[in-house]
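**Student:** Sharing work13.cif (mmCIF, C-alpha atoms) below.
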data_structure
#
loop_
_atom_site.group_PDB
_atom_site.id
_atom_site.type_symbol
_atom_site.label_atom_id
_atom_site.label_comp_id
_atom_site.auth_asym_id
_atom_site.auth_seq_id
_atom_site.Cartn_x
_atom_site.Cartn_y
_atom_site.Cartn_z
ATOM 1 C CA MET A 1 0.000 0.000 0.000
ATOM 2 C CA ARG A 2 2.794 2.399 0.926
ATOM 3 C CA GLU A 3 4.585 1.756 -2.345
ATOM 4 C CA LEU A 4 1.393 2.495 -4.260
ATOM 5 C CA ILE A 5 0.806 5.767 -2.436
ATOM 6 C CA ALA A 6 4.377 6.892 -2.761
ATOM 7 C CA SER A 7 4.553 6.148 -6.495
ATOM 8 C CA GLY A 8 5.204 9.264 -8.500
ATOM 9 C CA ILE A 9 6.318 11.137 -5.380
ATOM 10 C CA SER A 10 9.801 12.500 -5.052
ATOM 11 C CA THR A 11 11.901 10.042 -3.081
ATOM 12 C CA PHE A 12 15.370 10.295 -1.704
ATOM 13 C CA VAL A 13 17.941 8.430 0.363
ATOM 14 C CA LEU A 14 17.204 9.220 3.985
ATOM 15 C CA SER A 15 20.801 8.659 5.043
ATOM 16 C CA CYS A 16 21.989 11.677 3.070
ATOM 17 C CA MET A 17 18.952 13.921 2.497
ATOM 18 C CA PHE A 18 15.950 14.935 4.600
ATOM 19 C CA PHE A 19 12.968 17.142 3.914
ATOM 20 C CA PRO A 20 12.851 20.248 6.084
ATOM 21 C CA LEU A 21 10.599 19.838 9.085
ATOM 22 C CA PRO A 22 8.322 22.751 9.892
ATOM 23 C CA THR A 23 9.646 24.425 12.988
ATOM 24 C CA LYS A 24 6.683 26.514 14.052
ATOM 25 C CA ALA A 25 2.944 26.514 13.658
ATOM 26 C CA GLN A 26 1.560 28.281 10.650
ATOM 27 C CA GLN A 27 -0.918 31.067 11.128
ATOM 28 C CA ILE A 28 -4.007 29.483 9.629
ATOM 29 C CA ASN A 29 -6.348 32.355 8.859
ATOM 30 C CA THR A 30 -9.712 32.478 7.113
ATOM 31 C CA ASP A 31 -8.202 31.882 3.677
ATOM 32 C CA GLY A 32 -6.113 28.945 4.882
ATOM 33 C CA LEU A 33 -9.033 27.188 6.538
ATOM 34 C CA ARG A 34 -11.173 27.807 3.493
ATOM 35 C CA GLU A 35 -8.537 26.427 1.106
ATOM 36 C CA ILE A 36 -7.965 23.269 3.153
ATOM 37 C CA THR A 37 -11.683 22.684 3.601
ATOM 38 C CA SER A 38 -12.429 23.279 -0.081
ATOM 39 C CA ALA A 39 -9.634 20.921 -1.170
ATOM 40 C CA VAL A 40 -10.934 18.146 1.095
ATOM 41 C CA GLN A 41 -14.477 18.633 -0.205
ATOM 42 C CA ASP A 42 -13.343 18.384 -3.817
ATOM 43 C CA MET A 43 -11.063 15.432 -3.121
ATOM 44 C CA CYS A 44 -13.906 13.498 -1.464
ATOM 45 C CA LEU A 45 -16.188 14.348 -4.352
ATOM 46 C CA HIS A 46 -13.547 13.213 -6.881
ATOM 47 C CA PRO A 47 -11.419 10.568 -5.102
ATOM 48 C CA ASP A 48 -9.534 9.765 -8.300
ATOM 49 C CA ARG A 49 -8.096 13.275 -8.419
ATOM 50 C CA THR A 50 -6.270 13.318 -5.082
ATOM 51 C CA GLY A 51 -3.027 14.414 -6.724
ATOM 52 C CA ARG A 52 -4.629 17.673 -7.824
ATOM 53 C CA TYR A 53 -5.155 18.816 -4.272
ATOM 54 C CA PHE A 54 -2.383 17.467 -2.048
ATOM 55 C CA SER A 55 1.160 16.229 -2.585
ATOM 56 C CA VAL A 56 3.451 14.357 -0.243
ATOM 57 C CA GLU A 57 7.218 14.239 -0.400
ATOM 58 C CA GLY A 58 9.586 11.640 0.945
ATOM 59 C CA GLU A 59 9.361 9.852 4.241
ATOM 60 C CA ALA A 60 11.274 10.452 7.419
ATOM 61 C CA GLU A 61 10.578 9.074 10.855
ATOM 62 C CA GLY A 62 7.264 7.619 9.704
ATOM 63 C CA SER A 63 5.888 10.872 8.252
ATOM 64 C CA PHE A 64 5.447 12.565 4.893
ATOM 65 C CA LEU A 65 5.822 16.245 4.172
ATOM 66 C CA ILE A 66 2.377 17.216 2.866
ATOM 67 C CA LYS A 67 1.609 20.306 0.815
ATOM 68 C CA LEU A 68 -1.618 21.890 -0.290
ATOM 69 C CA ILE A 69 -1.183 22.422 -4.014
ATOM 70 C CA GLY A 70 -1.577 26.051 -5.041
ATOM 71 C CA ALA A 71 -1.187 27.395 -1.523
ATOM 72 C CA GLU A 72 1.752 28.144 0.726
ATOM 73 C CA LEU A 73 0.690 25.605 3.316
ATOM 74 C CA GLU A 74 2.605 22.525 4.358
ATOM 75 C CA GLY A 75 2.771 20.156 7.279
ATOM 76 C CA LEU A 76 3.547 16.650 8.401
ATOM 77 C CA ILE A 77 1.275 13.659 8.137
ATOM 78 C CA ARG A 78 2.012 10.210 9.480
ATOM 79 C CA VAL A 79 2.333 7.482 6.881
ATOM 80 C CA GLU A 80 -0.521 5.460 8.387
ATOM 81 C CA GLN A 81 -2.761 8.534 8.351
ATOM 82 C CA TRP A 82 -2.073 9.136 4.656
ATOM 83 C CA GLU A 83 -2.737 5.470 3.928
ATOM 84 C CA GLY A 84 -5.960 5.701 5.935
ATOM 85 C CA ILE A 85 -7.074 8.690 3.861
ATOM 86 C CA HIS A 86 -6.571 6.691 0.676
ATOM 87 C CA GLU A 87 -8.557 3.802 2.112
ATOM 88 C CA THR A 88 -11.361 6.218 2.961
ATOM 89 C CA LEU A 89 -11.281 7.672 -0.551
ATOM 90 C CA GLU A 90 -11.474 4.183 -2.068
ATOM 91 C CA SER A 91 -14.664 3.482 -0.109
ATOM 92 C CA VAL A 92 -16.527 6.688 -0.974
ATOM 93 C CA LEU A 93 -19.880 5.950 -2.574
ATOM 94 C CA PRO A 94 -20.776 8.051 -5.643
ATOM 95 C CA GLY A 95 -22.610 11.205 -4.652
ATOM 96 C CA GLN A 96 -22.036 10.622 -0.928
ATOM 97 C CA PRO A 97 -18.886 12.531 0.006
ATOM 98 C CA LEU A 98 -20.070 13.866 3.347
ATOM 99 C CA ASN A 99 -18.788 11.026 5.540
ATOM 100 C CA CYS A 100 -15.451 11.184 3.706
ATOM 101 C CA THR A 101 -15.170 14.916 4.381
ATOM 102 C CA MET A 102 -16.033 14.485 8.052
ATOM 103 C CA HIS A 103 -13.360 11.784 8.392
ATOM 104 C CA VAL A 104 -10.549 13.316 6.327
ATOM 105 C CA LEU A 105 -10.846 16.987 7.282
ATOM 106 C CA PRO A 106 -9.821 16.594 10.966
ATOM 107 C CA ILE A 107 -6.748 14.572 9.914
ATOM 108 C CA LEU A 108 -5.574 17.224 7.479
ATOM 109 C CA LEU A 109 -6.353 20.100 9.824
ATOM 110 C CA GLU A 110 -4.045 18.379 12.277
ATOM 111 C CA ALA A 111 -1.416 17.718 9.603
ATOM 112 C CA PHE A 112 -1.341 21.385 8.608
ATOM 113 C CA ARG A 113 -1.101 22.267 12.274
ATOM 114 C CA VAL A 114 -4.354 24.126 12.488
ATOM 115 C CA PRO A 115 -4.639 24.880 16.207
ATOM 116 C CA ASP A 116 -6.714 22.263 17.998
ATOM 117 C CA SER A 117 -9.224 24.853 19.153
ATOM 118 C CA GLN A 118 -9.886 25.960 15.568
ATOM 119 C CA SER A 119 -10.050 22.386 14.263
ATOM 120 C CA ARG A 120 -12.548 21.324 16.922
ATOM 121 C CA GLU A 121 -14.668 24.404 16.358
ATOM 122 C CA VAL A 122 -14.789 23.874 12.597
ATOM 123 C CA GLN A 123 -15.791 20.219 12.986
ATOM 124 C CA ALA A 124 -18.395 20.978 15.643
ATOM 125 C CA CYS A 125 -19.821 23.754 13.496
ATOM 126 C CA ILE A 126 -20.083 21.528 10.399
ATOM 127 C CA LYS A 127 -21.589 18.602 12.307
ATOM 128 C CA GLU A 128 -24.186 20.728 14.081
ATOM 129 C CA ARG A 129 -25.279 22.706 11.053
ATOM 130 C CA VAL A 130 -25.415 19.723 8.675
ATOM 131 C CA SER A 131 -27.452 17.639 11.120
ATOM 132 C CA ASN A 132 -29.867 20.536 11.650
ATOM 133 C CA VAL A 133 -30.335 21.240 7.952
ATOM 134 C CA ILE A 134 -29.918 17.975 6.054
ATOM 135 C CA SER A 135 -33.187 16.426 7.264
ATOM 136 C CA GLN A 136 -36.170 17.886 9.071
ATOM 137 C CA PRO A 137 -39.570 16.544 10.148
ATOM 138 C CA PHE A 138 -42.896 18.067 9.143
ATOM 139 C CA SER A 139 -46.401 17.714 10.513
ATOM 140 C CA ILE A 140 -49.417 19.493 8.963
ATOM 141 C CA PRO A 141 -52.959 19.016 10.378
ATOM 142 C CA ALA A 142 -56.323 19.838 8.811
ATOM 143 C CA SER A 143 -59.962 19.343 9.708
ATOM 144 C CA VAL A 144 -63.419 19.856 8.259
ATOM 145 C CA ARG A 145 -66.830 20.052 9.958
ATOM 146 C CA CYS A 146 -70.272 19.532 8.458
ATOM 147 C CA PRO A 147 -73.462 20.950 10.026
ATOM 148 C CA GLY A 148 -76.241 18.602 11.077
ATOM 149 C CA GLY A 149 -80.009 18.931 11.106
ATOM 150 C CA GLY A 150 -80.782 18.101 7.507
ATOM 151 C CA CYS A 151 -81.293 20.469 4.605
ATOM 152 C CA PHE A 152 -83.964 22.995 3.780
ATOM 153 C CA LEU A 153 -86.283 21.652 1.089
ATOM 154 C CA LYS A 154 -84.426 18.353 1.330
ATOM 155 C CA SER A 155 -81.659 19.466 -1.016
ATOM 156 C CA SER A 156 -79.136 16.636 -0.965
ATOM 157 C CA SER A 157 -75.497 17.304 -0.060
ATOM 158 C CA CYS A 158 -76.171 20.780 1.316
ATOM 159 C CA ASN A 159 -74.342 19.826 4.520
ATOM 160 C CA ASP A 160 -71.340 18.286 2.764
ATOM 161 C CA ARG A 161 -68.041 20.029 3.340
ATOM 162 C CA GLY A 162 -64.498 19.375 2.161
ATOM 163 C CA THR A 163 -60.951 20.682 2.404
ATOM 164 C CA SER A 164 -57.576 19.863 0.885
ATOM 165 C CA LEU A 165 -54.690 18.997 3.175
ATOM 166 C CA ARG A 166 -51.425 19.709 1.375
ATOM 167 C CA TYR A 167 -47.758 19.972 2.284
ATOM 168 C CA ALA A 168 -45.103 21.394 -0.083
ATOM 169 C CA ALA A 169 -41.385 21.091 0.665
ATOM 170 C CA PRO A 170 -39.490 24.403 0.873
ATOM 171 C CA SER A 171 -37.040 25.397 -1.842
ATOM 172 C CA GLY A 172 -33.967 23.156 -1.944
ATOM 173 C CA TYR A 173 -35.666 20.223 -0.221
ATOM 174 C CA PHE A 174 -37.623 17.135 -1.262
ATOM 175 C CA ILE A 175 -40.042 14.988 0.703
ATOM 176 C CA GLU A 176 -38.178 11.839 1.664
ATOM 177 C CA GLN A 177 -40.867 10.130 3.764
ATOM 178 C CA TYR A 178 -44.565 10.857 4.111
ATOM 179 C CA ARG A 179 -47.773 9.362 5.460
ATOM 180 C CA PHE A 180 -51.303 10.413 6.304
ATOM 181 C CA VAL A 181 -52.483 9.843 9.877
ATOM 182 C CA GLN A 182 -56.244 9.613 10.109
ATOM 183 C CA GLY A 183 -57.828 11.427 13.046
ATOM 184 C CA ALA A 184 -61.323 11.271 14.464
ATOM 185 C CA ASN A 185 -64.172 11.406 11.974
ATOM 186 C CA ASN A 186 -67.925 11.116 11.838
ATOM 187 C CA TYR A 187 -69.461 10.495 8.445
ATOM 188 C CA GLY A 188 -66.057 11.417 7.119
ATOM 189 C CA ASN A 189 -64.435 10.541 3.805
ATOM 190 C CA THR A 190 -60.697 10.640 3.078
ATOM 191 C CA GLY A 191 -59.452 10.712 -0.474
ATOM 192 C CA ARG A 192 -56.400 9.064 -1.975
ATOM 193 C CA LEU A 193 -53.005 10.432 -0.966
ATOM 194 C CA LYS A 194 -51.602 12.226 -4.011
ATOM 195 C CA VAL A 195 -47.893 12.637 -4.654
ATOM 196 C CA HIS A 196 -46.406 15.383 -6.805
ATOM 197 C CA THR A 197 -42.853 15.544 -8.156
ATOM 198 C CA GLY A 198 -40.729 18.512 -9.147
ATOM 199 C CA ALA A 199 -38.081 19.167 -11.785
ATOM 200 C CA SER A 200 -35.581 17.092 -9.789
ATOM 201 C CA GLY A 201 -37.791 14.035 -10.150
ATOM 202 C CA LYS A 202 -38.186 13.876 -6.374
ATOM 203 C CA THR A 203 -41.385 14.325 -4.388
ATOM 204 C CA ASN A 204 -41.976 17.998 -3.629
ATOM 205 C CA SER A 205 -45.564 17.938 -2.328
ATOM 206 C CA VAL A 206 -48.249 15.559 -1.067
ATOM 207 C CA SER A 207 -51.952 16.166 -0.631
ATOM 208 C CA VAL A 208 -55.159 14.452 0.450
ATOM 209 C CA HIS A 209 -58.788 15.584 0.352
ATOM 210 C CA LEU A 210 -60.839 15.455 3.556
ATOM 211 C CA SER A 211 -64.615 15.708 3.527
ATOM 212 C CA CYS A 212 -67.719 14.735 5.485
ATOM 213 C CA SER A 213 -71.283 13.985 4.459
ATOM 214 C CA PRO A 214 -73.768 13.608 7.328
ATOM 215 C CA PRO A 215 -77.338 12.263 6.870
ATOM 216 C CA ASP A 216 -79.831 14.569 5.184
ATOM 217 C CA HIS A 217 -82.868 14.666 7.466
ATOM 218 C CA ALA A 218 -84.260 16.749 10.282
ATOM 219 C CA GLY A 219 -82.419 16.199 13.534
ATOM 220 C CA ALA A 220 -79.549 14.422 11.824
ATOM 221 C CA PRO A 221 -76.139 14.723 13.494
ATOM 222 C CA GLY A 222 -73.316 16.711 12.003
ATOM 223 C CA GLY A 223 -70.086 15.294 10.645
ATOM 224 C CA TRP A 224 -66.384 15.905 10.829
ATOM 225 C CA ASN A 225 -63.109 14.595 9.565
ATOM 226 C CA ASN A 226 -59.551 15.448 10.485
ATOM 227 C CA GLY A 227 -56.067 14.106 9.944
ATOM 228 C CA GLU A 228 -52.422 14.985 9.612
ATOM 229 C CA LEU A 229 -49.654 14.703 7.039
ATOM 230 C CA ARG A 230 -46.357 13.670 8.615
ATOM 231 C CA GLY A 231 -42.933 12.928 7.247
ATOM 232 C CA THR A 232 -39.416 14.192 6.709
ATOM 233 C CA ILE A 233 -37.796 16.453 4.146
ATOM 234 C CA SER A 234 -34.172 16.226 3.021
ATOM 235 C CA TYR A 235 -31.851 18.572 1.169
ATOM 236 C CA ILE A 236 -31.707 17.890 -2.574
ATOM 237 C CA ASP A 237 -28.119 18.936 -3.359
ATOM 238 C CA LEU A 238 -25.990 17.501 -0.543
ATOM 239 C CA ASP A 239 -22.763 18.536 -2.264
ATOM 240 C CA GLU A 240 -23.880 22.159 -2.386
ATOM 241 C CA LEU A 241 -25.033 21.983 1.223
ATOM 242 C CA ARG A 242 -21.758 20.423 2.372
ATOM 243 C CA SER A 243 -19.694 22.959 0.481
ATOM 244 C CA ARG A 244 -21.667 25.937 1.709
ATOM 245 C CA ILE A 245 -21.776 24.909 5.355
ATOM 246 C CA SER A 246 -18.120 23.845 5.470
ATOM 247 C CA THR A 247 -17.012 27.125 3.932
ATOM 248 C CA GLU A 248 -19.243 29.152 6.224
ATOM 249 C CA CYS A 249 -17.845 27.327 9.274
ATOM 250 C CA ALA A 250 -14.261 27.811 8.088
ATOM 251 C CA LEU A 251 -14.930 31.497 7.513
ATOM 252 C CA ARG A 252 -16.554 31.940 10.900
ATOM 253 C CA ILE A 253 -13.885 30.102 12.889
ATOM 254 C CA GLY A 254 -10.898 31.360 10.923
ATOM 255 C CA GLY A 255 -11.999 34.959 10.662
#
Mind turning this structure into structure tokens?

**Tutor:**
Amino acid sequence: MRELIASGISTFVLSCMFFPLPTKAQQINTDGLREITSAVQDMCLHPDRTGRYFSVEGEAEGSFLIKLIGAELEGLIRVEQWEGIHETLESVLPGQPLNCTMHVLPILLEAFRVPDSQSREVQACIKERVSNVISQPFSIPASVRCPGGGCFLKSSSCNDRGTSLRYAAPSGYFIEQYRFVQGANNYGNTGRLKVHTGASGKTNSVSVHLSCSPPDHAGAPGGWNNGELRGTISYIDLDELRSRISTECALRIGG
């Protein structure tokens, strides 16, 4: 595994040449955090392009010198950590880079000597905001009531009433799970649950018609029907969400 990772990397004879070891912590500011975070995001999204984002040079005392390509940032990463990153990248499922980012980013923040306090804050920020945004529950109730007592001149259906219960996902989200929960009803009728899809091909709204139709005679009781749409919504573009939240957290912590 080590030979595979090190292929194409500059190598040298350790007995006569060593890479320079960083002697003091870099000042990782907003731009530095943003560049590291962005590189990790892209690398996890395109695991086959790792060499475009980071390079490692040589090996001394069990560590590589790692550099962020296109930026004046470098650090040390242990050989087993670099190997572990490659193993993580090999297991990334298409379109699901979030777990990769959450695993790799702390390792590289440490390698580039981002102060622990900043690293922990960035990770906590990303974890909290993603979990709060990526999926949310919804619950929408509705009810309808129909008067009793029959109809004047015996006109049928004069006491019938109906309403549409509908939930539409907000912009950027789709409805991942949904169900109708029937409530109390008396002479109630519940229509078929209808599902509507948007341009993304995912469910963006669900609806059901509630009505009631009590008996049509003098002294007849009234009717009612009620229920609730419940489910969860999820973000459509997880890559965009991940990128935006990670950058926002890096900006906030590094600023």

**Student:** Do you know which residues the PyMOL selection byres ((chain A and resi 72-89) around 6) returns on this file, as a list in words?

**Tutor:**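 Those residues are Pro47, Gly62, Ser63, Phe64, Leu65, Ile66, Lys67, Leu68, Ala71, Glu90, Ser91, Val92, Ala111 and Phe112 of chain A.
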
**Student:** Pull out every residue that the PyMOL selection byres ((chain A and resi 139) around 10) matches in the shown coordinates and put them as a list of chain:residue names.

**Tutor:**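 Expected selection for the PyMOL selection byres ((chain A and resi 139) around 10) here is A:Pro137, A:Phe138, A:Ile140, A:Pro141, A:Tyr167, A:Tyr178, A:Arg179, A:Phe180, A:Val181, A:Glu228, A:Leu229, A:Arg230, A:Gly231, A:Thr232.
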
**Student:** In Å, rounded to a single decimal, give me how far atom CA of Pro97 of chain A is from atom CA of Cys44 of chain A.

**Tutor:**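 A separation of 5.3 Å between them.
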
**Student:** Rounded to one decimal, what separation in Å do you get between atom CA of Tyr235 of chain A and atom CA of Val133 of chain A?

**Tutor:** 7.4 Å

**Student:** Please identify all polymer residues within 12 Å of Leu98 of chain A, counting all atoms listed in the file, omitting same-chain residues fewer than 4 positions from it, and present them as a PyMOL selection string.

**Tutor:** chain A and resi 40-45+88-89+92-94+102-105+126-127+130-131+134+237-243+245-246

**Student:** Can you work out which one of A:Ile69, A:Gly51, A:Val122, A:Ser234 has the shortest atom-to-atom distance to Arg34 of chain A, counting only C-alpha atoms?

**Tutor:**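 Checking each candidate against Arg34 of chain A, we get A:Val122 as the closest.
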
**Student:** Could you check which residues have any atom within 7 Å of (-63.2, 12.0, 12.8), counting all atoms listed in the file with coordinates taken straight from the file, and then list them as a PDB file with C-alpha atoms, keeping the file's coordinate frame?

**Tutor:**
ATOM      1  CA  GLY A 183     -57.828  11.427  13.046  1.00  0.00           C
ATOM      2  CA  ALA A 184     -61.323  11.271  14.464  1.00  0.00           C
ATOM      3  CA  ASN A 185     -64.172  11.406  11.974  1.00  0.00           C
ATOM      4  CA  ASN A 186     -67.925  11.116  11.838  1.00  0.00           C
ATOM      5  CA  GLY A 188     -66.057  11.417   7.119  1.00  0.00           C
ATOM      6  CA  TRP A 224     -66.384  15.905  10.829  1.00  0.00           C
ATOM      7  CA  ASN A 225     -63.109  14.595   9.565  1.00  0.00           C
ATOM      8  CA  ASN A 226     -59.551  15.448  10.485  1.00  0.00           C
TER       9      ASN A 226
END

**Student:** Interatomic distance between atom CA of Gln182 of chain A and atom CA of Ser143 of chain A?

**Tutor:**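 Atom CA of Gln182 of chain A sits 10.4 Å away from atom CA of Ser143 of chain A.
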